[in-house]
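J.: Please see the structure below; I have some questions.
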Amino acid sequence: MGKLALSDEILLKIEKPARYIGNEYNMARKDPAKVAIRFAMCFPDVYEIGMSHLGIQILYDMFNKREDVYCERVYSPWHDLHEIMKERNIPLFTLETQSPVRDMDFLGVTIQYEMCYTNILQILDLSGIPFLAKERGEDVPIVIGGGPCAYNPEPLADFFDLFYIGEGETRYGELFGLYRSIRKAGGGRKEFLRAACRIPGIYVPSLYEVSYKEDGTIASFAPKYEDVPAVVRKEAEMDVTGAPYPEKPLVPFLKVTQDRVVLEVMRGCIRGCRFCQAGMIYRPLRERGVDVLKRRAKAMLESTGHEEISLSSLSSSDYSGLEELLESLMEFKEKGVNISLPSLRIDAFSLDVMGKVQDVRKSSLTFAPEAGTQRLRDVINKGLTEEDILHGAGLAFEGGWQKVKLYFMLGLPTETKEDREEIPRLADRIARRYYEIPKDKRNGKCQITISTSFFVPKPFTPFQWAPMCPKEEYLARAKDVNLEMKAQLNHKSLKYNWHEADVTVLEGVFARGDRRLGKVLLAAYRKGCMFDAWTEQFDNGKWMEAFRECGVSIDFYNLRARDLDEILPWDFIDCGVSKEFLKKEWGRAQNAEVTPNCREKCAGCGAMRLKGGVCLEHKD
Amino acid sequence: MNIRIKFCKYGAMKFIGHLDMMRYFQKAIRRAGIDIAYSGGYSPHQIMSFASPLGVGMTSGGEYFDIEAHTSRSSRESLDALNRVMSEGVEALEYKRLPDAAKPAMSLVAAADYLAYGSGIQALLPRLLEFYGQERILVTKQTKKQEARIDLKPLTYRMEAAGWETGAVARELAAGRLGDLAEADRTRPAGLFLRTCAGSSDNVKPGLLLEAFCRFCGVEYDPMAFRVHRLEVYARSEEIPVKGETERAAYQKHLEEKKEAYVRAGKPFPEFFTLGELGEEIA
């Protein structure tokens, strides 16, 4: 057994030392001296969160299947260890071989949410890698960013050598090949980056120049050299059934967030909800073959020993093999395997399945109407109707359920007070439906939980031009909901949860921000901001100071209505869905016009150019 | 059927806490295809119970847990199946069938052997006889509610310098489970051998004894200066490890025969049996 990077003394002093020792079952073991490329794969949050991420498991498995690459993992050291590492100058290390991250050829960071941006700086800091890409020499790894936030990489442009836009399955082989050949020819960082930018999906921020108008909007965004592509096209794996998938995923010692086998059944979504970035950037919907999934479920349960399996995708009810797949998973129930269901459209079929796999009295039904009125649901193109909800809830109540969770967003474009007040009224109508059941046939009271989050407009959605609200306005809107809830007949059966709005404001800034935000991030990190996604760690005061000191206006990014001809920071990326389509959808949203889903009628979003998935269904 | 499994835990695995070890074995048992029994209900769990939790930071060559299985392959096959799916630093050592009426390992634990070693130990050893020779070894034990004065002397069954050739030490050393002890100076004792009372009522943690020893020698107690390796866990030999009247009577008879065998061989009957000795190999 190899030596650990941290001494016993440190490991016994900190919380959960198992976060830092590696050695999990199914961990990849290789001799680092015998590979051409050492890759550190990082999820910039604490181990339990990072280990639950499917994308990393896919790439880890895929990279390690190559003989020339050894992919190891890195997560964010928690505060307690962070302080010790800073104080004693201990370099950040990989879990597998416990070697310094700095010695790797690549550091790949998956960027899943805006509030992890300062954690990325922590990773660079502890690794001893200069924050700014332009200050890096030949002795530090190439820093690659990927994941959903890479669809607007600009706020992070200063810190990354390159971004991989899209799904990782397709281009890493080429990227590794290029790296090896450039290294062999004696080339360095500069040569590699210059050549890498011509691989589809690869964006090298240092090769582009941005200029701004007097009003602060972008005047031009262009490559610095002629051979650098002006548009970066997202990458998508079109053969999702044949694509590699980890059949022997890592089995952590600690109880992580996803402590189970995760079976990804499809990518993309047909629904076209106008607020949803995932629904746009992962187009077109591509299903994995049901036979492969059935075989894979068995193999993964055997190779891990997990006692639970869950399905992963957007809108799982749209998976055409769902019934067949769930039926086959039921066989594992007898072997003590729990089946954790994704949120399904509530109907007779899903209730039947739910009744088989969970305790009806304890489990709850989930609906995500997102908006209180049909008008606003039409604005956001959320297909769910009140009739669907009341009918589904009615069926469930008669089947013995009594708990319902409802998810909504506040701050959606065109939202009025009426839309907000309808939220608790809808919840009340659900409760009334429950109390229609004769008293002797129900189990006491029902519990309807309403949760609202504040809407953050995201790039590559029809709402990318929408202004946000000031923080106070968000809280006032939550108050509207709360007051109206108290006026409901069944208010004792209703519960309302909402959050602070500080994080929403920051998410808004970074989601649609540009390169000028890099200095704010750095300033915030230097003030000690880290783990901002953790409520108890988040310090809004420090963030506000950072913005003030850098002279960057939050309102410029959040409160301004963007003009349709404005150059947006992410316009250079082609995510499959065209800007024309997004504009059209933004127009339809204003008129509350619904757009049918991909299976009903092609809306001409542009993803057809990728030639696959739902776009080609019924076309052979 | 009831099965008792003995395993060892060393290297980086010493940082895995007791609850996570339980989760680890739940998954390992499934990976190995052991035909374990489950409780009923919506979230069935494996019928499994551990003998005695091992503190984070400690290694061990003698940990035990019991499971209930519907069927079983032979001990050898089952051990092979388990050891094919272990993480580095855990090995299954014994797999034995228990009587159907067996009491769980947890309720039988009466004593445990430890080897304490590391940089702090040599300074204490010269005064071992003096320390252990005391009439009482009083320490203050901090419990959740209050401080309690307890006397460790009657709860410490053995305390002696451990030689390199001592069976258990030599075995653990050869198996590579004693970490950096392999590089230590062999002209001095390997460490301190301890047999203390264990179990739910009067569990003596080796650290408590080491702390008292340090205080006795006028040395500041630094937990980092000591490594503790559990060597074995025991039940009292006189304790009847089964439930039920007929089963108890049968065991009593078996025990008498065993005692006679010791007498015939001219050996004293041991005060303790290892938890593993209470089971039988499955052929």
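In the structure tokens, chains take the letters A, B, ... in the order shown, each chain's residues start at 1, and ligands count up from 1 in the order shown.
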Identify, with DSSP run on backbone atoms, the residues in range 473-598 of chain A assigned to strand (DSSP E or B), and express the list as a PyMOL selection string.
T.: chain A and resi 494-497+567+573-574
J.: Those residues you just picked out, can you put them in a file as a compact mmCIF listing (two decimals), in the first residue's frame with C-alpha atoms?
T.:
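The result, stored in out03.txt:
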# COMPACT_ATOMS: atom_id res chain seq x y z
CA LEU A 494 -49.85 23.39 3.69
CA LYS A 495 -46.24 24.20 4.27
CA TYR A 496 -44.18 26.76 2.41
CA ASN A 497 -40.38 26.80 2.02
CA ILE A 567 -23.58 40.40 -28.49
CA ILE A 573 -20.69 28.89 -28.90
CA ASP A 574 -23.01 26.92 -31.14
J.: Determine which residues of chain B sit within 7 Å of chain A, taking into account only C-alpha atoms, and present them as a PDB file with C-alpha atoms, in the first residue's frame.
T.:
ATOM      1  CA  GLY B  11      -3.037   0.548   6.255  1.00  0.00           C
ATOM      2  CA  ALA B  12      -5.200   3.415   5.039  1.00  0.00           C
ATOM      3  CA  PHE B  15      -9.231   5.880   8.785  1.00  0.00           C
ATOM      4  CA  ILE B  16     -12.528   4.232   7.924  1.00  0.00           C
ATOM      5  CA  ASP B  20     -18.557   2.965   7.214  1.00  0.00           C
ATOM      6  CA  TYR B  24     -18.396  -1.550   3.361  1.00  0.00           C
ATOM      7  CA  LYS B  27     -21.644  -4.110  -0.162  1.00  0.00           C
ATOM      8  CA  ALA B  28     -18.741  -6.573  -0.113  1.00  0.00           C
ATOM      9  CA  ARG B  30     -23.265  -8.658  -2.034  1.00  0.00           C
ATOM     10  CA  ARG B  31     -20.281  -8.474  -4.368  1.00  0.00           C
ATOM     11  CA  TYR B  38     -32.548  -9.817   4.698  1.00  0.00           C
ATOM     12  CA  TYR B  42     -39.824  -1.697   2.319  1.00  0.00           C
ATOM     13  CA  SER B  43     -36.152  -1.149   2.947  1.00  0.00           C
ATOM     14  CA  PRO B  44     -34.803  -4.578   3.771  1.00  0.00           C
ATOM     15  CA  GLY B  57      -6.916   5.276  13.717  1.00  0.00           C
ATOM     16  CA  SER B  87     -10.295  -3.178  -0.818  1.00  0.00           C
ATOM     17  CA  GLU B  88      -6.601  -3.069  -0.075  1.00  0.00           C
ATOM     18  CA  MET B 224       0.182  10.479  17.961  1.00  0.00           C
TER      19      MET B 224
END
J.: What is the distance between CA of Arg97 in chain B and CA of Val85 in chain B, in Å to one decimal?
T.: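 Interatomic distance, CA of Arg97 in chain B to CA of Val85 in chain B: 21.0 Å.
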J.: Could you tell me how far CA of Glu94 in chain B sits from CA of Lys6 in chain B, in Å to one decimal place?
T.: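 Taking CA of Lys6 in chain B as the start and CA of Glu94 in chain B as the end point, the length is 4.8 Å.
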J.: Hey, can you check how far CA of Val240 in chain A sits from CA of Arg288 in chain A?
T.: 5.6 Å
J.: Point out the residue among B:His18, B:Arg73, B:Lys145, B:His254 with the least atom-to-atom distance to Ile282 in chain B, counting only C-alpha atoms.
T.: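 Nearest candidate to Ile282 in chain B out of B:His18, B:Arg73, B:Lys145, B:His254: B:Arg73.
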J.: Restricting the calculation to only C-alpha atoms: of B:Asp66, B:Asp185, B:Glu130, B:Glu220, which residue gets closest to Tyr95 in chain B?
T.: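 Comparing B:Asp66, B:Asp185, B:Glu130, B:Glu220 against Tyr95 in chain B, the winner is B:Asp66.
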J.: Which of these, B:Ser74, B:Phe213, B:Glu260, B:Ala101, has the shortest distance to Glu245 in chain B once you count only C-alpha atoms?
T.: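 Closest to Glu245 in chain B of all the choices is B:Ala101.
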J.: From the set B:Ser75, B:Gln252, B:Ile67, B:Leu128, which residue has the shortest atom-to-atom contact distance to Glu280 in chain B, counting only C-alpha atoms?
T.: B:Ser75
J.: Can you tell me which residues surround Met266 in chain A at a distance of at most 7 Å, considering only C-alpha atoms, apart from same-chain residues fewer than 3 positions away, and format the answer as a PDB file with C-alpha atoms, in the first residue's frame?
T.:
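part22.pdb, freshly written:
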ATOM      1  CA  ARG A 286     -31.083  10.465 -27.336  1.00  0.00           C
ATOM      2  CA  GLU A 287     -32.253   7.252 -25.693  1.00  0.00           C
ATOM      3  CA  ARG A 288     -30.017   4.399 -24.648  1.00  0.00           C
ATOM      4  CA  SER A 313     -32.181  11.586 -17.071  1.00  0.00           C
TER       5      SER A 313
END
J.: Near Ala592 in chain A, counting only C-alpha atoms, which residues have an atom at most 12 Å away, once you skip same-chain residues fewer than 6 positions from it, shown as an MDAnalysis selection string?
T.: chainID A and resid 274 373:382 413:415 585:586
J.: Using only C-alpha atoms, which protein or nucleic acid residues come within 8 Å of Val204 in chain B? Drop anything in the same chain fewer than 4 positions from it, and give the result as a ChimeraX atom specification.
T.: /B:152,155-156,196-198,208-209
J.: Neighbours of Glu473 in chain A within 12 Å (only C-alpha atoms; same-chain residues fewer than 2 positions away dropped), as a PyMOL selection string?
T.: chain A and resi 410-411+417+454+468-471+475-480+500-502+504-505+559
J.: Which one is closest to Ile165 in chain A: A:Ala299, A:Ile202, A:Cys149, A:Ala607? Count only C-alpha atoms.
T.: A:Ile202
